[in-house]
Structures are given as C-alpha cells and as structure tokens.
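See below for the structure under consideration.
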Amino acid sequence: MQIARVALDLPLHRFFDYRVPESETLSAADIGLRVRVPFGRHARIGLLVDLPQASDHPLEQVKPLEAVLRDLPPLPADWFRLLEFCAAYYQRPTGEAMLAALPAGLRRVAPPKARATKRTVTAVAQRAAPTLTGEQKAAIDAVNAGTGFHAYLLHGVTGSGKTEVYLRLIERCLAEGRQALLLVPEINLTPQLENRVAARFPGVELASLHSELTEAARTRNWKAAFEGRARIVLGTRLAVFTPLPAPGLIIVDEEHDPSFKQQDGIRYSARDLAVFRAHQHQIPIVLGSATPSLESWANAVDNRTPARYTLLTLHERAVQSARLPAVQRIDTRVEKLQDGLCGALLAAIEKRLARDEQSLVFLNRRGYAPVLTCTQCGWISRCRRCAANLVLHLSDGRLRCHHCGFECRIPKSCPTCGNQDIQPFGRGTQRIEEVLAARFPQARILRVDRDSAKSRKQWEALVEQIHAGDADILVGTQMLAKGHDFPKLTLVGVLGADSALFAADWRAPERLFAQLMQVAGRAGRAELPGEVLIQTQFPDHPLYEALVRHDYPAFAAAQLKEREQAGFPPYAYQAMLRAEAPHLADALAFLTTARAWPDAAHHPDVMLYDPVPMRMARRANFERAQLLIESPSRRALQVFLTAWREAVDAIKTPSRLRWHLEVDPLEF
C-alpha cells in the first residue's frame, strides 16, 4: 500500500497521510502535484510533498485520496524550499504557506470555468530607448559585471530614471534566455509600468499578477510564468512566490514601501523573500528607491561589517533640463491660514493656473473632515466598534470608520444634547476640494483618493485625465505620491504633515520623510521647474531641513544613530504576539500566560516585554493587546520563537480570542 503525504491549507503544523488508490502509482517525480483529498465532511486541494514508506497512523485510519491532478507539471523543489523557509521564518504552518502561494483557482475543488478574455495592454508609443546618463550606465554596468548572487541597492532621486535601469537589465536577462521578476508595491503602479514594459519588449510575453485580476486571469498568467512562456513577470507582493523555470533577475521597485509586508494571514515581507530567492537561485537582485528603507540602507552603508548590499546612486534627474524641485517651508505659526491653506500656496496655485500648469495639493486624509463635533456639549462622532472617530464624508451624507468599515447617516442634531449646531472639525481631501473650488471657480479640480478611485478602472480613468491636461488642480492622498510622471505638474503643496513628527510609532519619521520625498518628486519632472510648499508649525525640524536639501543620506544617518542608541531595528530583531478578544482582560491574560513560559529563562539573549493594550485598543468590537519580543541576534530570536510558539499553541483560550505572531513587525 502506497502512502501520500499531503500539505493542506490548515493552521496546523503538520502534514497529512492518505492512501494512494490502487488505480494510481506515484513516484518521486510526482512530488509537487496537486491532489484532491477528503477532510472532514468536505474535499480539499492539497500538495503532494512526500511518499513515505509507512504512515505514522494506523492504516485503518488513513483515508484514500480522491484524485491526483495532472493538469500542471509538479511544482519544483526550489519552490518548496522557498515556501518552507517562509513558513519557518514567519512561524506559520508549512501547508498554509504553500497553498496560500497558489492562485485561488488552483486551490478550488471545483475551479470556475475559464472565460475567454482578451488581454489588453495599451503600449505607450516609444520616441527609441532614451540615451543613458553616465550614472545610469554605471549602475547597469555594475550589475551586469557581477556573477551569481548579489544584492544591489539602487538609490535614485525621483525622476532619475530607475525604471530605465530596470528595463536595460531586463533586456540583458532576456538575451540570456532567462526570466525576470519585477515586483511593485501597489496595484495602481502596475498599469503604467505594464504598458512601458510591453512597449519596450513587444514580442515578449508578459505575465501580470495582482489582486485586481479575475481569478481565471490570475491563474492563466501564473501558468504562463510557471511553464516558462512568460519571460517577464510583473506583480505585487504575492508574485514573489511565482515558480519560474529559468529565473535570471529580480527587481523590487520602491523597496521601502510597507505594502510589500503582508498584514494578515502569513505576515511575510515580499522584499526580504525576494532577496532570499535571489540567493537561492544565485542571481542578482536590484532594490530600487528614492528613499530606501533604513534596514536596506544600513545593509549598504554600515562600515562596521562587510556591506551586504552594493550601493548604486543616481544623483540627478534623467531628463537633462529637469531639476529637483525647490522646497520651501511655510511657518503656519506666522502666516494666517484661509480655510486650511496659506496665502503663499494660494498665490502659487494662481500662478500655475495663469501658465496652464498643474498643481497638486497633498493631504493624506480622505473624507471631508476627520470628525464631527457638537459645539455645545463637546460630543464627537466616535465609532461604536473601534477606539477611533467616524470620518465625515459629506458628499454622500455618511459618517464612516476607516478602520472597521462601520458607517451611518450624518445626524441632524447632536445625539447627546440635541443641539443642531454640529460642525466638522479638521480637514480631509473632500473639504480641501470644496475650498479650492470656491477660491478658483474657473479651475478644473480633480480629487484622487480611495473614495474617487475605488477600482483599477476608475484609477486609470483619473490618471488619463491628468495626462490629458483635463485637470488644473489635483487634490490627493498618497495614491499620487509615487511612480507617476505628470509633465505639466509643477507645484506641490503639502498639508497636515506635522502630525507624524511626534507619533508614538518610532517608524513614523521614516515613513513621513519617504512620503514627502516621493510627493515632492512629482513636481518639475520635465522641462518646467518644480516647487514644493510645506505648511508646518515646525519649520526648523531636522526632517524638514533634510527634505529642503533633498538629503536622504543625512536623514538616514541621523535616524540610524537614534535607532542604534535605542536598540531598535536594524540593530535588533523583533517579533510581536498580538491577541484580541471581546474583553481586554482576556487578551492581556493570554499574553501574560505566554510571557510566563518557564523555558524563556533558557534564552538569555531574548527579551520579552510586558503585555500592553495596542495604540488603537478597540477595533471592530474586539479589544486588542500586544507583547513585544526582541533580541540582538536574528538566529537567537528564531530559535526562541520556534520553541515558544509550540507553548503558545497549547494555551487554552476563550472561544472568541484570536491571536497571531508576527516576525519583523512594521506596525506598532
């Protein structure tokens, strides 16, 4: 009797044994095939991972598998090693990681019938490949001169032509008969990059992988990459798991972006797994950004140890006549604001309107106002399910929670005292749009945020409007902050940035600097000069000082010094155990029990902090708490977590308590 060992998508750290029917004969060459097996009352799709000589369970308890699916070749051994590493490092069950890495269509017992769909990529007509700058050529030559695995950090200012460097490297990879994997952080960056890649390589099959695709389209593109037909794979974070028969190059664009970190399920970092995968295949990887993550920057510039990454720098913009925008700080303690906008910004917008140029007013807060309040009794619009306020969305007459999705109608009077004088407090993009429309009635104003661009189709329509010159003033959130070239955009005004300067999260300054550098980089990318005006009450803050000089290295050096003194990453390694329950006491009790693990004393290099409520302690009717684990050694932390996780698994918990363990957390 033959036994098949199968990985299933279950939160259990084990595989499952099944009997192979007499009608089937499996060999080692079949390991990696999908199989259909019974589990409980239903059937599941699993992966064949081994053919053991015998089962650990009595044969009468071992059920027969239902079918071996041979519609695809077996998944390769290197793919299994990647997922085994992912599961082990991020402390998740191996079967859960493996099945989650497959397209949903390949995990279904009865996959939906594939509909005939036409793949349309509108290729941008292209002037030939642009002439390289000296810095671009040097970066390309450095990567091409290397052999085997090597990690390169491409630090290029906004508009310096990082994408052109990627395309030249991909060209070399294709010439060698190999495949290139290009990762981007967000879906809204995919269409324009897809078009540009398709224009450069018109005869090469391109597979695009992101969540906006239909299930059938994603499965079809995944198969094209797996079978080697697609020579270029472009996708968001999940694409890092795409099996490739001939990998030759991996590129991670905007490598600093937190979107590369999965925030639920298996909380992996696609950027870090991409580095592991490049090492696994002994191929180069290029991490590109105008504002690299401090972890990557330290890997490239830390003089105390041999640098793990090679730093490649593009100091100047690729368009010869383009210059980095001039950045000015407007001291709002001195200058009076008019409905949230300073006179200097309003005057600068007026100048752009007169010159038929575009302006962007950047405010990373959507909605009309952050809160609705009663002027008489002090009532404010709080979410009944979260420790957060309901945001006023005046255009559709709703109060909405941006954390749990709860929404309700705007009350006509104060629910507490009945006062009818309830007022919005603060400003969001909708309110700034209204203010600008009143101030510049002749201007065409376009708001770009998650409310106006809920789908990829809506997003593409907005971008097309901007490129066509059908908008004079843009009001936008971080959706517009990176990866976009708008030649007529010459002015960026930044509102409401100060709130991140003194946030409780120690990563907040890094995120703010990256965001402001990125949004500032939208201005003056062509022949027209750019200008950035930042409204702030703290114009002398070191972050703004570095921003005025476009001096990321100085900012990074100061931040790394602070982190080293405080013992924060990248000078320490962290994990976070989080719990949530209807009652905070239950979540804290669970974490306290986990912290009291007797064997923790055997791991002196690991520090367990006290359990504390999370900053937003209540979300979607669950009370939340967390326990931080820290060590100066990555290896010591991993050894501890592997043993500790088993003890945590064994803790008896209330039925509605949920918990998860996150390695290398980004959110605090």
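Identifiers in the structure tokens: chain A, B, ... in order shown; residue index from 1 per chain; ligand index from 1 in order shown.
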| field | Residues near A:His393, cut-off 8 Å, only C-alpha atoms, skip fewer than 4 positions along chain, as a PyMOL selection string | value | chain A and resi 367-369+397-400+430
| request: Give me the residues within 9 Å of A:Glu255 as an MDAnalysis selection string, counting only C-alpha atoms and dropping any in the same chain fewer than 4 places off. | output: chainID A and resid 183:185 260 271 287:289 291:293 296
Would you mind exporting the chosen residues as a PDB file, in the first residue's frame, restricted to N, CA and C atoms?
ATOM      1  N   LEU A 183       8.861  43.279  -9.095  1.00  0.00           N
ATOM      2  CA  LEU A 183       7.843  43.483  -8.064  1.00  0.00           C
ATOM      3  C   LEU A 183       7.613  44.971  -7.834  1.00  0.00           C
ATOM      4  N   VAL A 184       6.336  45.345  -7.716  1.00  0.00           N
ATOM      5  CA  VAL A 184       5.950  46.720  -7.389  1.00  0.00           C
ATOM      6  C   VAL A 184       5.040  46.666  -6.166  1.00  0.00           C
ATOM      7  N   PRO A 185       4.977  47.751  -5.380  1.00  0.00           N
ATOM      8  CA  PRO A 185       4.248  47.673  -4.114  1.00  0.00           C
ATOM      9  C   PRO A 185       2.728  47.715  -4.222  1.00  0.00           C
ATOM     10  N   PHE A 260       4.808  45.997   0.730  1.00  0.00           N
ATOM     11  CA  PHE A 260       5.460  44.710   0.496  1.00  0.00           C
ATOM     12  C   PHE A 260       5.323  43.776   1.693  1.00  0.00           C
ATOM     13  N   ARG A 271       9.779  41.772  -0.068  1.00  0.00           N
ATOM     14  CA  ARG A 271      11.127  42.251  -0.378  1.00  0.00           C
ATOM     15  C   ARG A 271      12.175  41.316   0.190  1.00  0.00           C
ATOM     16  N   LEU A 287      17.233  46.362  -5.620  1.00  0.00           N
ATOM     17  CA  LEU A 287      16.229  47.013  -4.790  1.00  0.00           C
ATOM     18  C   LEU A 287      16.312  48.505  -5.076  1.00  0.00           C
ATOM     19  N   GLY A 288      15.232  49.072  -5.616  1.00  0.00           N
ATOM     20  CA  GLY A 288      15.276  50.470  -6.027  1.00  0.00           C
ATOM     21  C   GLY A 288      14.379  51.361  -5.196  1.00  0.00           C
ATOM     22  N   SER A 289      14.851  52.592  -4.913  1.00  0.00           N
ATOM     23  CA  SER A 289      14.034  53.550  -4.175  1.00  0.00           C
ATOM     24  C   SER A 289      14.730  54.903  -4.136  1.00  0.00           C
ATOM     25  N   THR A 291      13.984  56.673  -1.497  1.00  0.00           N
ATOM     26  CA  THR A 291      14.094  56.740  -0.037  1.00  0.00           C
ATOM     27  C   THR A 291      14.150  55.315   0.507  1.00  0.00           C
ATOM     28  N   PRO A 292      15.281  54.646   0.401  1.00  0.00           N
ATOM     29  CA  PRO A 292      15.366  53.246   0.829  1.00  0.00           C
ATOM     30  C   PRO A 292      14.949  53.061   2.287  1.00  0.00           C
ATOM     31  N   SER A 293      14.473  51.866   2.591  1.00  0.00           N
ATOM     32  CA  SER A 293      14.210  51.554   3.992  1.00  0.00           C
ATOM     33  C   SER A 293      15.524  51.634   4.759  1.00  0.00           C
ATOM     34  N   SER A 296      17.572  48.442   4.596  1.00  0.00           N
ATOM     35  CA  SER A 296      18.343  48.257   3.365  1.00  0.00           C
ATOM     36  C   SER A 296      19.520  49.225   3.303  1.00  0.00           C
TER      37      SER A 296
END
Would you give me, as a Markdown table, each residue of stretch 522-622 of chain A having an atom within 12 Å of an atom of stretch 82-91 of chain A, along with its shortest atom pair and that distance in Å to one decimal, using only C-alpha atoms and sorting by chain and residue number?
| residue | atom | partner | partner_atom | distance |
| --- | --- | --- | --- | --- |
| A:Gln574 | CA | A:Tyr90 | CA | 11.6 |
| A:Ala575 | CA | A:Tyr90 | CA | 9.4 |
| A:Met576 | CA | A:Tyr90 | CA | 11.1 |
| A:Leu577 | CA | A:Gln91 | CA | 11.3 |
Given the selection you just returned, output its residues as a file containing C-alpha atoms, formatted as an mmCIF file, in the first residue's frame.
data_model
loop_
_atom_site.group_PDB
_atom_site.id
_atom_site.type_symbol
_atom_site.label_atom_id
_atom_site.label_comp_id
_atom_site.auth_asym_id
_atom_site.auth_seq_id
_atom_site.Cartn_x
_atom_site.Cartn_y
_atom_site.Cartn_z
ATOM 1 C CA GLN A 574 11.716 41.857 16.837
ATOM 2 C CA ALA A 575 8.540 39.832 16.841
ATOM 3 C CA MET A 576 5.100 40.740 18.138
ATOM 4 C CA LEU A 577 2.499 38.474 19.691
#
| message | From a backbone DSSP assignment, name each residue in stretch 395-616 of chain A labelled alpha helix (DSSP H), as a ChimeraX atom specification. | response | /A:429-439,456-467,508-520,542-548,552-566,584-595
Suppose we keep C-alpha atoms; can you now write the selection as a PDB file, in the first residue's frame?
ATOM      1  CA  THR A 429      -9.447  65.880   0.817  1.00  0.00           C
ATOM      2  CA  GLN A 430     -13.153  66.484   0.153  1.00  0.00           C
ATOM      3  CA  ARG A 431     -13.150  69.671   2.210  1.00  0.00           C
ATOM      4  CA  ILE A 432      -9.972  70.987   0.574  1.00  0.00           C
ATOM      5  CA  GLU A 433     -11.533  70.254  -2.811  1.00  0.00           C
ATOM      6  CA  GLU A 434     -14.562  72.349  -1.790  1.00  0.00           C
ATOM      7  CA  VAL A 435     -12.358  75.223  -0.555  1.00  0.00           C
ATOM      8  CA  LEU A 436     -10.325  75.276  -3.778  1.00  0.00           C
ATOM      9  CA  ALA A 437     -13.458  75.158  -5.932  1.00  0.00           C
ATOM     10  CA  ALA A 438     -14.780  78.244  -4.145  1.00  0.00           C
ATOM     11  CA  ARG A 439     -11.423  80.024  -4.373  1.00  0.00           C
ATOM     12  CA  ARG A 456      -8.414  49.983 -11.117  1.00  0.00           C
ATOM     13  CA  LYS A 457     -10.700  51.171 -13.920  1.00  0.00           C
ATOM     14  CA  GLN A 458     -11.582  54.363 -12.025  1.00  0.00           C
ATOM     15  CA  TRP A 459      -7.920  54.915 -11.166  1.00  0.00           C
ATOM     16  CA  GLU A 460      -6.806  54.561 -14.791  1.00  0.00           C
ATOM     17  CA  ALA A 461      -9.514  57.000 -15.886  1.00  0.00           C
ATOM     18  CA  LEU A 462      -8.280  59.613 -13.382  1.00  0.00           C
ATOM     19  CA  VAL A 463      -4.655  59.193 -14.469  1.00  0.00           C
ATOM     20  CA  GLU A 464      -5.702  59.549 -18.109  1.00  0.00           C
ATOM     21  CA  GLN A 465      -7.492  62.798 -17.250  1.00  0.00           C
ATOM     22  CA  ILE A 466      -4.355  64.167 -15.605  1.00  0.00           C
ATOM     23  CA  HIS A 467      -2.105  63.203 -18.518  1.00  0.00           C
ATOM     24  CA  ALA A 508       6.754  57.362  11.703  1.00  0.00           C
ATOM     25  CA  PRO A 509       9.581  59.804  10.778  1.00  0.00           C
ATOM     26  CA  GLU A 510      10.976  57.346   8.234  1.00  0.00           C
ATOM     27  CA  ARG A 511       7.551  56.930   6.647  1.00  0.00           C
ATOM     28  CA  LEU A 512       6.890  60.671   6.630  1.00  0.00           C
ATOM     29  CA  PHE A 513      10.232  61.524   5.016  1.00  0.00           C
ATOM     30  CA  ALA A 514       9.709  58.877   2.334  1.00  0.00           C
ATOM     31  CA  GLN A 515       6.193  60.107   1.660  1.00  0.00           C
ATOM     32  CA  LEU A 516       7.217  63.750   1.401  1.00  0.00           C
ATOM     33  CA  MET A 517      10.247  62.986  -0.785  1.00  0.00           C
ATOM     34  CA  GLN A 518       8.038  60.943  -3.075  1.00  0.00           C
ATOM     35  CA  VAL A 519       5.257  63.517  -3.377  1.00  0.00           C
ATOM     36  CA  ALA A 520       7.767  66.341  -3.809  1.00  0.00           C
ATOM     37  CA  PRO A 542      15.634  68.239  11.198  1.00  0.00           C
ATOM     38  CA  LEU A 543      13.340  66.172   8.976  1.00  0.00           C
ATOM     39  CA  TYR A 544      12.247  69.258   7.045  1.00  0.00           C
ATOM     40  CA  GLU A 545      15.826  70.556   6.975  1.00  0.00           C
ATOM     41  CA  ALA A 546      16.949  67.364   5.215  1.00  0.00           C
ATOM     42  CA  LEU A 547      13.935  67.487   2.914  1.00  0.00           C
ATOM     43  CA  VAL A 548      14.791  71.014   1.735  1.00  0.00           C
ATOM     44  CA  TYR A 552      18.236  61.368   2.206  1.00  0.00           C
ATOM     45  CA  PRO A 553      21.724  60.173   3.344  1.00  0.00           C
ATOM     46  CA  ALA A 554      21.845  62.806   6.108  1.00  0.00           C
ATOM     47  CA  PHE A 555      18.322  61.967   7.259  1.00  0.00           C
ATOM     48  CA  ALA A 556      19.097  58.244   7.227  1.00  0.00           C
ATOM     49  CA  ALA A 557      22.353  58.711   9.157  1.00  0.00           C
ATOM     50  CA  ALA A 558      20.554  60.651  11.909  1.00  0.00           C
ATOM     51  CA  GLN A 559      17.749  58.098  12.127  1.00  0.00           C
ATOM     52  CA  LEU A 560      20.135  55.134  12.238  1.00  0.00           C
ATOM     53  CA  LYS A 561      22.116  56.789  15.020  1.00  0.00           C
ATOM     54  CA  GLU A 562      18.925  57.233  17.062  1.00  0.00           C
ATOM     55  CA  ARG A 563      17.888  53.639  16.433  1.00  0.00           C
ATOM     56  CA  GLU A 564      21.278  52.274  17.412  1.00  0.00           C
ATOM     57  CA  GLN A 565      21.157  54.215  20.671  1.00  0.00           C
ATOM     58  CA  ALA A 566      17.617  52.987  21.375  1.00  0.00           C
ATOM     59  CA  LEU A 584      -9.325  43.340  27.074  1.00  0.00           C
ATOM     60  CA  ALA A 585      -8.711  41.335  30.257  1.00  0.00           C
ATOM     61  CA  ASP A 586      -8.848  38.079  28.274  1.00  0.00           C
ATOM     62  CA  ALA A 587      -6.342  39.326  25.689  1.00  0.00           C
ATOM     63  CA  LEU A 588      -3.940  40.535  28.404  1.00  0.00           C
ATOM     64  CA  ALA A 589      -4.335  37.295  30.388  1.00  0.00           C
ATOM     65  CA  PHE A 590      -3.406  35.236  27.324  1.00  0.00           C
ATOM     66  CA  LEU A 591      -0.317  37.346  26.654  1.00  0.00           C
ATOM     67  CA  THR A 592       0.685  37.237  30.327  1.00  0.00           C
ATOM     68  CA  THR A 593       0.496  33.432  30.259  1.00  0.00           C
ATOM     69  CA  ALA A 594       2.591  33.346  27.091  1.00  0.00           C
ATOM     70  CA  ARG A 595       5.200  35.634  28.650  1.00  0.00           C
TER      71      ARG A 595
END
Write out as CSV the residues of stretch 277-328 of chain A that have any atom within 12 Å of an atom of stretch 233-245 of chain A, one row each with the nearest atom pair and its distance in Å to one decimal, counting only C-alpha atoms, sorted by chain and then rising number.
residue,atom,partner,partner_atom,distance
A:Arg277,CA,A:Val240,CA,8.4
A:Ala278,CA,A:Val240,CA,10.5
A:His281,CA,A:Leu244,CA,10.4
I need the residues from that last selection saved to file as a compact mmCIF listing (two decimals), in the first residue's frame (with C-alpha atoms), if you can.
# COMPACT_ATOMS: atom_id res chain seq x y z
CA ARG A 277 15.02 33.80 -3.57
CA ALA A 278 17.78 35.59 -5.47
CA HIS A 281 18.99 30.85 -7.45
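Shortest atom-to-atom contact with A:Val252 among A:Leu213, A:Val157, A:Ala322, A:Ala180: A:Ala180, counting only C-alpha atoms.
Atom pair atom CA of A:Val648 / atom CA of A:Tyr573 has a distance of 19.9 Å (rounded to one decimal).
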